[in-house]
$ cat coords32.txt   # compact mmCIF, C-alpha atoms
# COMPACT_ATOMS: atom_id res chain seq x y z
CA MET A 673 -37.62 35.26 -12.19
CA ILE A 674 -39.73 32.53 -10.76
CA ARG A 675 -42.61 34.08 -8.85
CA ARG A 676 -42.93 32.76 -5.33
CA THR A 677 -46.25 32.03 -3.79
CA LEU A 678 -47.25 34.07 -0.77
CA THR A 679 -46.73 31.08 1.51
CA THR A 680 -43.20 30.51 0.24
CA ALA A 681 -42.32 34.18 0.50
CA LEU A 682 -43.55 34.41 4.07
CA LEU A 683 -41.54 31.35 5.01
CA ALA A 684 -38.49 32.92 3.38
CA LEU A 685 -38.91 35.90 5.68
CA GLY A 686 -39.20 33.62 8.68
CA LEU A 687 -42.81 34.43 9.41
CA THR A 688 -44.19 32.41 12.27
CA MET A 689 -47.93 32.22 12.37
CA GLY A 690 -49.47 32.24 15.79
CA VAL A 691 -51.23 34.24 18.41
CA ALA A 692 -49.81 37.76 18.67
CA ALA A 693 -48.58 39.10 21.96
CA SER A 694 -51.33 41.67 21.99
CA ALA A 695 -53.96 39.01 21.45
CA ALA A 696 -53.99 38.45 25.17
CA LYS A 697 -56.43 41.30 25.30
CA ALA A 698 -60.01 40.13 25.36
CA ALA A 699 -61.87 40.03 22.06
CA GLY A 700 -63.61 43.28 21.37
CA ASP A 701 -61.42 45.20 23.80
CA LYS A 702 -61.11 48.83 22.70
CA TRP A 703 -57.92 50.86 22.44
CA GLY A 704 -59.49 54.25 22.95
CA LYS A 705 -57.97 57.00 20.83
CA TYR A 706 -55.52 54.51 19.29
CA GLU A 707 -58.31 52.73 17.43
CA VAL A 708 -60.57 54.36 14.83
CA GLU A 709 -63.11 52.12 13.13
CA ASP A 710 -61.06 49.20 11.77
CA ARG A 711 -57.70 51.00 12.08
CA ARG A 712 -55.28 50.54 14.96
CA SER A 713 -52.15 52.50 15.72
CA GLY A 714 -48.85 50.64 15.98
CA TYR A 715 -48.98 51.70 19.65
CA THR A 716 -51.53 48.95 20.28
CA TYR A 717 -49.08 46.30 19.03
CA MET A 718 -46.29 47.35 21.40
CA THR A 719 -45.49 45.87 24.80
CA PRO A 720 -46.63 47.80 27.88
CA GLU A 721 -42.98 48.70 28.51
CA THR A 722 -42.60 50.28 25.08
CA GLN A 723 -45.94 52.06 25.40
CA SER A 724 -44.83 53.49 28.73
CA MET A 725 -41.60 54.70 27.13
CA GLN A 726 -43.59 56.61 24.52
CA ASP A 727 -46.11 58.02 26.97
CA ASP A 728 -43.58 59.59 29.33
CA MET A 729 -41.48 62.21 27.55
CA LEU A 730 -38.90 61.93 30.32
CA GLN A 731 -38.43 58.30 29.24
CA ASN A 732 -39.07 58.79 25.53
CA PRO A 733 -35.60 58.64 23.93
CA ALA A 734 -36.76 60.83 21.04
CA GLY A 735 -37.16 63.68 23.52
CA LEU A 736 -33.54 64.63 22.80
CA TRP A 737 -34.42 65.28 19.16
CA LEU A 738 -37.58 67.13 20.16
CA ASP A 739 -35.45 69.44 22.28
CA ARG A 740 -33.00 69.85 19.39
CA GLY A 741 -35.81 70.90 17.08
CA GLN A 742 -37.04 73.43 19.61
CA GLU A 743 -33.56 74.95 19.81
CA LEU A 744 -33.23 75.12 16.02
CA TRP A 745 -36.64 76.81 15.69
CA SER A 746 -35.20 80.06 17.00
CA LYS A 747 -31.70 79.75 15.56
CA LYS A 748 -30.93 82.24 12.79
CA GLU A 749 -29.09 80.72 9.85
CA GLY A 750 -28.35 81.49 6.22
CA ASP A 751 -27.68 84.67 4.30
CA ALA A 752 -31.14 86.03 5.10
CA GLY A 753 -30.36 85.98 8.82
CA LYS A 754 -33.65 84.32 9.63
CA ALA A 755 -34.87 81.54 11.89
CA CYS A 756 -38.06 79.51 11.53
CA ALA A 757 -39.49 81.69 14.29
CA SER A 758 -38.80 84.83 12.22
CA CYS A 759 -41.72 83.96 9.96
CA HIS A 760 -43.75 81.46 11.97
CA ASN A 761 -43.44 82.91 15.49
CA ASP A 762 -44.83 80.54 18.14
CA ALA A 763 -44.74 76.99 16.75
CA ALA A 764 -47.40 75.84 19.21
CA LYS A 765 -49.84 78.07 17.35
CA THR A 766 -48.60 78.25 13.76
CA MET A 767 -47.60 74.60 13.39
CA LYS A 768 -50.64 73.15 15.12
CA GLY A 769 -52.45 70.86 12.69
CA VAL A 770 -49.69 70.89 10.07
CA ALA A 771 -48.69 67.25 10.62
CA THR A 772 -52.27 66.07 10.14
CA ARG A 773 -52.39 67.13 6.49
CA TYR A 774 -48.98 66.31 4.98
CA PRO A 775 -47.90 65.31 2.39
CA VAL A 776 -49.68 67.90 0.25
CA TYR A 777 -49.84 68.75 -3.44
CA VAL A 778 -47.83 71.89 -4.26
CA GLU A 779 -48.87 73.57 -7.48
CA LYS A 780 -45.51 75.24 -8.19
CA LEU A 781 -43.80 71.86 -7.92
CA GLY A 782 -46.49 69.92 -9.75
CA LYS A 783 -46.26 67.07 -7.25
CA LEU A 784 -46.44 66.10 -3.58
CA GLU A 785 -44.24 67.57 -0.88
CA ASN A 786 -43.80 66.14 2.60
CA ILE A 787 -42.84 67.81 5.87
CA GLU A 788 -39.10 67.20 5.52
CA GLN A 789 -39.09 68.73 2.05
CA ARG A 790 -41.17 71.71 3.17
CA ILE A 791 -38.74 72.40 5.99
CA ASN A 792 -35.79 72.30 3.62
CA ARG A 793 -37.57 74.49 1.07
CA CYS A 794 -38.13 77.08 3.79
CA ARG A 795 -34.43 76.94 4.53
CA THR A 796 -33.24 77.33 0.95
CA GLU A 797 -35.86 79.83 -0.29
CA ASN A 798 -36.59 81.96 2.78
CA MET A 799 -33.56 81.62 5.03
CA LYS A 800 -31.05 81.27 2.19
CA ALA A 801 -29.49 78.45 4.17
CA LYS A 802 -28.31 75.01 3.15
CA ALA A 803 -30.83 72.20 3.14
CA TRP A 804 -30.36 69.64 5.88
CA LYS A 805 -29.42 66.11 4.90
CA TRP A 806 -32.13 63.49 5.16
CA GLU A 807 -31.89 61.53 8.44
CA SER A 808 -29.58 64.17 9.94
CA ASP A 809 -30.19 65.04 13.57
CA GLU A 810 -31.15 68.55 12.48
CA LEU A 811 -33.84 67.52 10.00
CA LEU A 812 -35.14 64.77 12.27
CA GLY A 813 -35.24 67.15 15.21
CA MET A 814 -37.08 69.88 13.34
CA THR A 815 -39.54 67.44 11.78
CA ILE A 816 -40.26 65.90 15.19
CA TYR A 817 -40.72 69.36 16.70
CA VAL A 818 -43.09 70.53 13.96
CA ASN A 819 -45.12 67.31 14.00
CA ASN A 820 -45.27 67.27 17.79
CA GLN A 821 -47.26 70.53 17.72
CA SER A 822 -50.14 68.44 16.33
CA TYR A 823 -49.83 65.75 19.01
CA GLY A 824 -53.16 64.01 19.58
CA MET A 825 -54.88 65.58 16.57
CA PRO A 826 -56.45 63.21 14.02
CA VAL A 827 -54.69 62.55 10.73
CA ASN A 828 -56.67 64.09 7.88
CA VAL A 829 -54.77 64.22 4.58
CA SER A 830 -56.43 65.41 1.38
CA ILE A 831 -56.72 62.88 -1.44
CA ASP A 832 -59.01 65.04 -3.57
CA GLY A 833 -58.45 67.35 -6.51
CA PRO A 834 -54.85 67.48 -7.79
CA ALA A 835 -53.75 64.92 -5.20
CA ILE A 836 -55.86 62.15 -6.79
CA PRO A 837 -53.29 60.79 -9.31
CA PHE A 838 -50.54 60.76 -6.68
CA PHE A 839 -52.79 58.97 -4.21
CA ASN A 840 -53.59 56.37 -6.87
CA LYS A 841 -49.89 55.86 -7.60
CA GLY A 842 -49.22 55.40 -3.89
CA LYS A 843 -52.01 52.87 -3.60
CA GLU A 844 -50.68 50.99 -6.61
CA PHE A 845 -47.23 50.89 -5.01
CA TYR A 846 -48.71 49.52 -1.77
CA TYR A 847 -50.40 46.59 -3.50
CA GLN A 848 -47.70 45.80 -6.07
CA PRO A 849 -45.48 42.77 -5.33
CA ARG A 850 -41.81 43.62 -5.71
CA GLY A 851 -38.32 42.29 -5.12
CA GLN A 852 -36.95 38.76 -5.18
CA LEU A 853 -39.49 37.76 -2.55
CA ASP A 854 -42.29 39.10 -4.75
CA MET A 855 -44.12 40.73 -1.84
CA ALA A 856 -46.33 43.78 -1.47
CA CYS A 857 -46.77 46.05 1.56
CA LYS A 858 -50.30 44.72 2.08
CA GLN A 859 -49.14 41.14 2.57
CA CYS A 860 -47.54 42.04 5.90
CA HIS A 861 -49.61 44.99 7.05
CA GLU A 862 -53.07 43.89 5.96
CA ASP A 863 -53.01 40.12 5.53
CA GLN A 864 -50.70 39.31 8.46
CA ALA A 865 -51.18 42.15 10.94
CA GLY A 866 -51.16 40.66 14.43
CA ASN A 867 -48.94 37.71 13.50
CA MET A 868 -45.26 37.23 14.21
CA ILE A 869 -42.39 37.70 11.76
CA ARG A 870 -39.31 36.25 13.37
CA ALA A 871 -39.31 37.88 16.83
CA ASN A 872 -41.40 40.89 15.84
CA LEU A 873 -45.13 41.43 15.88
CA LEU A 874 -46.48 42.71 12.58
CA SER A 875 -48.65 45.81 12.91
CA GLU A 876 -50.94 47.49 10.40
CA GLY A 877 -48.03 49.68 9.35
CA GLN A 878 -49.72 52.91 10.40
CA VAL A 879 -47.47 55.97 10.11
CA ASN A 880 -49.10 58.49 12.47
CA GLY A 881 -46.06 58.53 14.78
CA PHE A 882 -43.26 59.43 12.36
CA PRO A 883 -40.51 60.39 12.71
CA THR A 884 -40.47 57.40 15.03
CA TYR A 885 -37.83 56.26 17.50
CA ARG A 886 -37.18 52.60 16.73
CA LEU A 887 -35.42 50.59 19.39
CA ASN A 888 -33.42 48.59 16.84
CA TRP A 889 -32.24 51.85 15.20
CA GLN A 890 -31.35 53.43 18.55
CA LYS A 891 -32.51 56.78 17.11
CA PRO A 892 -35.49 58.29 15.33
CA GLY A 893 -35.98 57.73 11.63
CA SER A 894 -38.18 59.13 8.90
CA MET A 895 -41.01 57.36 7.16
CA HIS A 896 -38.87 57.06 4.04
CA ARG A 897 -36.17 55.27 6.02
CA ARG A 898 -38.80 52.74 7.02
CA PHE A 899 -39.97 52.38 3.40
CA ARG A 900 -36.39 51.75 2.30
CA GLY A 901 -35.92 49.16 5.00
CA CYS A 902 -39.06 47.30 3.99
CA ASN A 903 -38.02 47.35 0.33
CA SER A 904 -34.61 45.96 1.24
CA MET A 905 -36.16 43.17 3.31
CA VAL A 906 -38.07 41.88 0.29
CA ARG A 907 -34.86 42.26 -1.74
CA SER A 908 -36.09 45.14 -3.82
CA THR A 909 -33.89 48.12 -4.69
CA PRO A 910 -35.02 51.03 -2.47
CA TYR A 911 -35.94 54.41 -3.91
CA GLY A 912 -34.16 57.54 -2.72
CA TYR A 913 -35.17 59.65 0.25
CA GLY A 914 -37.75 62.18 -0.88
CA SER A 915 -38.44 60.35 -4.12
CA ASP A 916 -41.76 60.85 -5.86
CA GLU A 917 -42.47 57.13 -5.40
CA TYR A 918 -42.11 57.35 -1.63
CA ASN A 919 -44.03 60.62 -1.38
CA ASN A 920 -46.92 58.99 -3.24
CA LEU A 921 -46.73 55.98 -0.94
CA GLU A 922 -46.56 58.30 2.06
CA LEU A 923 -49.83 59.93 1.05
CA TYR A 924 -51.55 56.59 0.68
CA VAL A 925 -50.33 55.04 3.93
CA THR A 926 -51.06 58.25 5.83
CA TRP A 927 -54.61 58.13 4.49
CA ARG A 928 -54.86 54.51 5.67
CA GLY A 929 -54.48 55.85 9.21
CA ARG A 930 -57.01 58.65 8.83
CA GLY A 931 -58.52 59.63 12.15
CA LEU A 932 -55.68 58.15 14.22
CA PRO A 933 -53.90 60.68 16.44
CA VAL A 934 -50.53 62.17 15.63
CA GLU A 935 -48.12 60.45 18.06
CA THR A 936 -44.82 62.04 17.08
CA PRO A 937 -42.44 61.07 18.48
CA ALA A 938 -43.70 57.50 18.74
CA VAL A 939 -41.58 54.62 20.02
CA ARG A 940 -41.61 51.31 18.19
CA ASN A 941 -39.55 48.12 18.10
$ encode --input "coords32.txt" --output "structure tokens"
Amino acid sequence: MIRRTLTTALLALGLTMGVAASAAKAAGDKWGKYEVEDRRSGYTYMTPETQSMQDDMLQNPAGLWLDRGQELWSKKEGDAGKACASCHNDAAKTMKGVATRYPVYVEKLGKLENIEQRINRCRTENMKAKAWKWESDELLGMTIYVNNQSYGMPVNVSIDGPAIPFFNKGKEFYYQPRGQLDMACKQCHEDQAGNMIRANLLSEGQVNGFPTYRLNWQKPGSMHRRFRGCNSMVRSTPYGYGSDEYNNLELYVTWRGRGLPVETPAVRN
């Protein structure tokens, strides 16, 4: 395969260089809690209308899934006759802070586990219930509900100890060109953040709002759905939902947004 230069690849994706919509803000303008050091939440790249949609839960379309997760929290399922609440009681207390630290290394698995996988492991091991399918309304709803209990808390994943090799693999994935367009994650979300790609404004690719309601999806989606979409856009074969490759990448990109607040459920284009 003939390797394309970055310029050619960006043109192939229809990237239009120019002043970003958010650049209308004065230089040096601060974004409050949505900016930590040199890191900015995707919230700061959205239009005021989209920001308003996220801010008001009565307008936030992901509120339906948040409500669904709350209902499921107390619903007994499986042969054990248990609900999430049977073990974890009040989610506002027991789930507070959980979203800030996932994915985590699990010794019995010998690898990383993210929130969706932890929820399903609770179902199969403790509730003796069937695992929910990835991207199902049930798993999205419960993940949104669990993550929402940490709303506003700063992301703070561990990349020390046994997590080190998985973090390094995720970082390698982020910087490795792939697909027919021979592009890496960093070429959009580091090199071109703030510029336009077709009709969309490229952000830093921060993931502190997942599962996120995307307007072009017309529903919430997981971080791994977004990874798969990005891989497809550069004409690379996506990995499976919950794959080790995407869990490693999830740890790295979550660390990139360290200190940014949990925004689940965020609203993005």
$ residues_around --input "coords32.txt" --residues "Tyr774 of chain A" --least-positions-apart "6" --cutoff "8 Å" --atoms "only C-alpha atoms" --output "mmCIF file with C-alpha atoms, keeping the file's coordinate frame"
data_model
loop_
_atom_site.group_PDB
_atom_site.id
_atom_site.type_symbol
_atom_site.label_atom_id
_atom_site.label_comp_id
_atom_site.auth_asym_id
_atom_site.auth_seq_id
_atom_site.Cartn_x
_atom_site.Cartn_y
_atom_site.Cartn_z
ATOM 1 C CA GLU A 785 -44.240 67.570 -0.880
ATOM 2 C CA ASN A 786 -43.800 66.140 2.600
ATOM 3 C CA ILE A 787 -42.840 67.810 5.870
ATOM 4 C CA VAL A 829 -54.770 64.220 4.580
ATOM 5 C CA LEU A 923 -49.830 59.930 1.050
#
$ atom_distance --input "coords32.txt" --atom1 "atom CA of Ser915 of chain A" --atom2 "atom CA of Tyr846 of chain A"
15.1 Å
$ residues_around --input "coords32.txt" --residues "Tyr706 of chain A" --least-positions-apart "2" --cutoff "8 Å" --atoms "all atoms listed in the file" --output "ChimeraX atom specification"
/A:703-704,708,712-713,715-716,932-933
$ atom_distance --input "coords32.txt" --atom1 "atom CA of Gln731 of chain A" --atom2 "atom CA of Asn941 of chain A"
15.1 Å
$ atom_distance --input "coords32.txt" --atom1 "atom CA of Gly931 of chain A" --atom2 "atom CA of Val827 of chain A"
5.0 Å
$ residues_near_point --input "coords32.txt" --point "(-44.8, 45.9, 23.8)" --cutoff "12 Å" --atoms "only C-alpha atoms" --output "list in words"
Ala692, Ala693, Ser694, Ala695, Ala696, Gly714, Tyr715, Thr716, Tyr717, Met718, Thr719, Pro720, Glu721, Thr722, Gln723, Ser724, Met725, Gln726, Ala871, Asn872, Leu873, Leu874, Ser875, Leu887, Val939, Arg940 and Asn941 of chain A
$ closest_residue --input "coords32.txt" --among "A:Asp854, A:Glu917, A:Asp832, A:Asp809" --to "Val776 of chain A" --atoms "only C-alpha atoms"
A:Asp832
$ closest_residue --input "coords32.txt" --among "A:Leu853, A:Lys747, A:Cys759, A:Asp710" --to "Asn798 of chain A" --atoms "only C-alpha atoms"
A:Cys759
$ closest_residue --input "coords32.txt" --among "A:Tyr823, A:Lys800, A:Met905, A:Ile836" --to "Met767 of chain A" --atoms "only C-alpha atoms"
A:Tyr823
$ closest_residue --input "coords32.txt" --among "A:Tyr913, A:Leu730, A:Leu921, A:Glu788" --to "Tyr847 of chain A" --atoms "all atoms listed in the file"
A:Leu921
$ axis_aligned_box --input "coords32.txt" --around "segment 715-719 of chain A" --padding-each-side "3 Å" --output "AutoDock Vina command-line options"
--center_x -48.5 --center_y 48.8 --center_z 21.9 --size_x 12.0 --size_y 11.8 --size_z 11.8
$ residues_around --input "coords32.txt" --residues "Phe882 of chain A" --least-positions-apart "2" --cutoff "7 Å" --atoms "only C-alpha atoms" --output "list of chain:residue names"
A:Val879, A:Asn880, A:Thr884, A:Ser894, A:Met895, A:Thr936, A:Pro937, A:Ala938
$ residues_around --input "coords32.txt" --residues "segment 924-927 of chain A" --least-positions-apart "4" --cutoff "10 Å" --atoms "all atoms listed in the file" --output "list in words"
Thr772, Arg773, Tyr774, Pro775, Val827, Asn828, Val829, Ser830, Ile831, Phe838, Phe839, Asn840, Lys841, Gly842, Lys843, Glu844, Phe845, Tyr846, Cys857, Glu876, Gly877, Gln878, Val879, Asn880, Tyr918, Asn919, Asn920, Gly931 and Leu932 of chain A
$ closest_residue --input "coords32.txt" --among "A:Gly813, A:Gly866, A:Gly769, A:Gly914" --to "Leu744 of chain A" --atoms "all atoms listed in the file"
A:Gly813
$ residues_around --input "coords32.txt" --residues "Gly824 of chain A" --least-positions-apart "2" --cutoff "8 Å" --atoms "all atoms listed in the file" --output "list of chain:residue names"
A:Ser822, A:Pro826, A:Pro933, A:Val934, A:Glu935
$ residues_near_point --input "coords32.txt" --point "(-47.7, 64.8, -8.1)" --cutoff "8 Å" --atoms "only C-alpha atoms" --output "PyMOL selection string"
chain A and resi 777+782-784+834-835+837-838+916+920
$ write_last_selection --input "coords32.txt" --atoms "C-alpha atoms" --output "PDB file, in the coordinates of the input"
ATOM      1  CA  TYR A 777     -49.840  68.750  -3.440  1.00  0.00           C
ATOM      2  CA  GLY A 782     -46.490  69.920  -9.750  1.00  0.00           C
ATOM      3  CA  LYS A 783     -46.260  67.070  -7.250  1.00  0.00           C
ATOM      4  CA  LEU A 784     -46.440  66.100  -3.580  1.00  0.00           C
ATOM      5  CA  PRO A 834     -54.850  67.480  -7.790  1.00  0.00           C
ATOM      6  CA  ALA A 835     -53.750  64.920  -5.200  1.00  0.00           C
ATOM      7  CA  PRO A 837     -53.290  60.790  -9.310  1.00  0.00           C
ATOM      8  CA  PHE A 838     -50.540  60.760  -6.680  1.00  0.00           C
ATOM      9  CA  ASP A 916     -41.760  60.850  -5.860  1.00  0.00           C
ATOM     10  CA  ASN A 920     -46.920  58.990  -3.240  1.00  0.00           C
TER      11      ASN A 920
END
$ closest_residue --input "coords32.txt" --among "A:Glu749, A:Glu797, A:Asp739, A:Glu862" --to "Leu812 of chain A" --atoms "all atoms listed in the file"
A:Asp739
